[in-house]
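Comments concern the structure below.
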Amino acid sequence: MTPSWRKPFGMLVILLLIAIWVIGVASLSRIVGNWPMLVQLGFYLVTGTVWIWLLPMRRLLAWMETGNWR
């Protein structure tokens, strides 16, 4: 059985998406850094959850495993 190319390619895409997401969220640090600590915590928890559930990460992981986007 030959290894699937989807997993290494998917991991590279994930690393690229993480870099883009980190730059995007970190660019807000001047604004978010002035908020109270608990509000910051909530912001980062929400943005981390959005990363998994609403952005293409969930579908990308499914595609890596099955070859299907659903």
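In the structure tokens, the first chain shown is A, the next is B, and so on; residue numbers restart at 1 for each chain, and ligands run from 1 in the order shown.
Residue neighbourhood of segment 52-67 of chain A, excluding near-sequence residues (fewer than 6 positions): Ser4, Trp5, Arg6, Lys7, Pro8, Phe9, Gly10, Met11, Val13, Ile14, Leu17 and Ile18 of chain A, at 10 Å, using only C-alpha atoms.
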Emit the selected residues as a PDB file, in the first residue's frame, including N, CA and C atoms.
```
ATOM      1  N   SER A   4      -0.341   7.925   1.232  1.00  0.00           N
ATOM      2  CA  SER A   4      -1.131   8.978   0.604  1.00  0.00           C
ATOM      3  C   SER A   4      -0.373  10.295   0.621  1.00  0.00           C
ATOM      4  N   TRP A   5      -0.441  11.032  -0.453  1.00  0.00           N
ATOM      5  CA  TRP A   5       0.194  12.349  -0.540  1.00  0.00           C
ATOM      6  C   TRP A   5      -0.623  13.399   0.203  1.00  0.00           C
ATOM      7  N   ARG A   6      -1.881  13.068   0.522  1.00  0.00           N
ATOM      8  CA  ARG A   6      -2.761  14.049   1.163  1.00  0.00           C
ATOM      9  C   ARG A   6      -2.267  14.469   2.539  1.00  0.00           C
ATOM     10  N   LYS A   7      -1.724  13.551   3.310  1.00  0.00           N
ATOM     11  CA  LYS A   7      -1.300  13.899   4.675  1.00  0.00           C
ATOM     12  C   LYS A   7      -0.121  14.867   4.695  1.00  0.00           C
ATOM     13  N   PRO A   8       0.970  14.613   3.974  1.00  0.00           N
ATOM     14  CA  PRO A   8       2.064  15.599   3.986  1.00  0.00           C
ATOM     15  C   PRO A   8       1.642  16.945   3.390  1.00  0.00           C
ATOM     16  N   PHE A   9       0.869  16.905   2.313  1.00  0.00           N
ATOM     17  CA  PHE A   9       0.400  18.148   1.711  1.00  0.00           C
ATOM     18  C   PHE A   9      -0.534  18.884   2.664  1.00  0.00           C
ATOM     19  N   GLY A  10      -1.423  18.145   3.304  1.00  0.00           N
ATOM     20  CA  GLY A  10      -2.342  18.749   4.264  1.00  0.00           C
ATOM     21  C   GLY A  10      -1.611  19.376   5.433  1.00  0.00           C
ATOM     22  N   MET A  11      -0.557  18.735   5.904  1.00  0.00           N
ATOM     23  CA  MET A  11       0.218  19.305   7.011  1.00  0.00           C
ATOM     24  C   MET A  11       0.901  20.609   6.602  1.00  0.00           C
ATOM     25  N   VAL A  13      -0.244  22.676   4.353  1.00  0.00           N
ATOM     26  CA  VAL A  13      -1.331  23.656   4.287  1.00  0.00           C
ATOM     27  C   VAL A  13      -1.707  24.110   5.697  1.00  0.00           C
ATOM     28  N   ILE A  14      -1.770  23.176   6.647  1.00  0.00           N
ATOM     29  CA  ILE A  14      -2.093  23.521   8.033  1.00  0.00           C
ATOM     30  C   ILE A  14      -1.050  24.483   8.603  1.00  0.00           C
ATOM     31  N   LEU A  17      -1.679  27.869   7.119  1.00  0.00           N
ATOM     32  CA  LEU A  17      -2.868  28.486   7.710  1.00  0.00           C
ATOM     33  C   LEU A  17      -2.608  28.953   9.142  1.00  0.00           C
ATOM     34  N   ILE A  18      -1.836  28.173   9.895  1.00  0.00           N
ATOM     35  CA  ILE A  18      -1.489  28.585  11.257  1.00  0.00           C
ATOM     36  C   ILE A  18      -0.685  29.886  11.219  1.00  0.00           C
TER      37      ILE A  18
END
```
What separation in Å, quoted to one decimal, exists between atom CA of Ser29 of chain A and atom CA of Leu41 of chain A? 12.3 Å
Residue neighbourhood Gly48 of chain A, 10 Å, only C-alpha atoms, exclusion window fewer than 6 positions, as a PyMOL selection string: chain A and resi 21+25+42
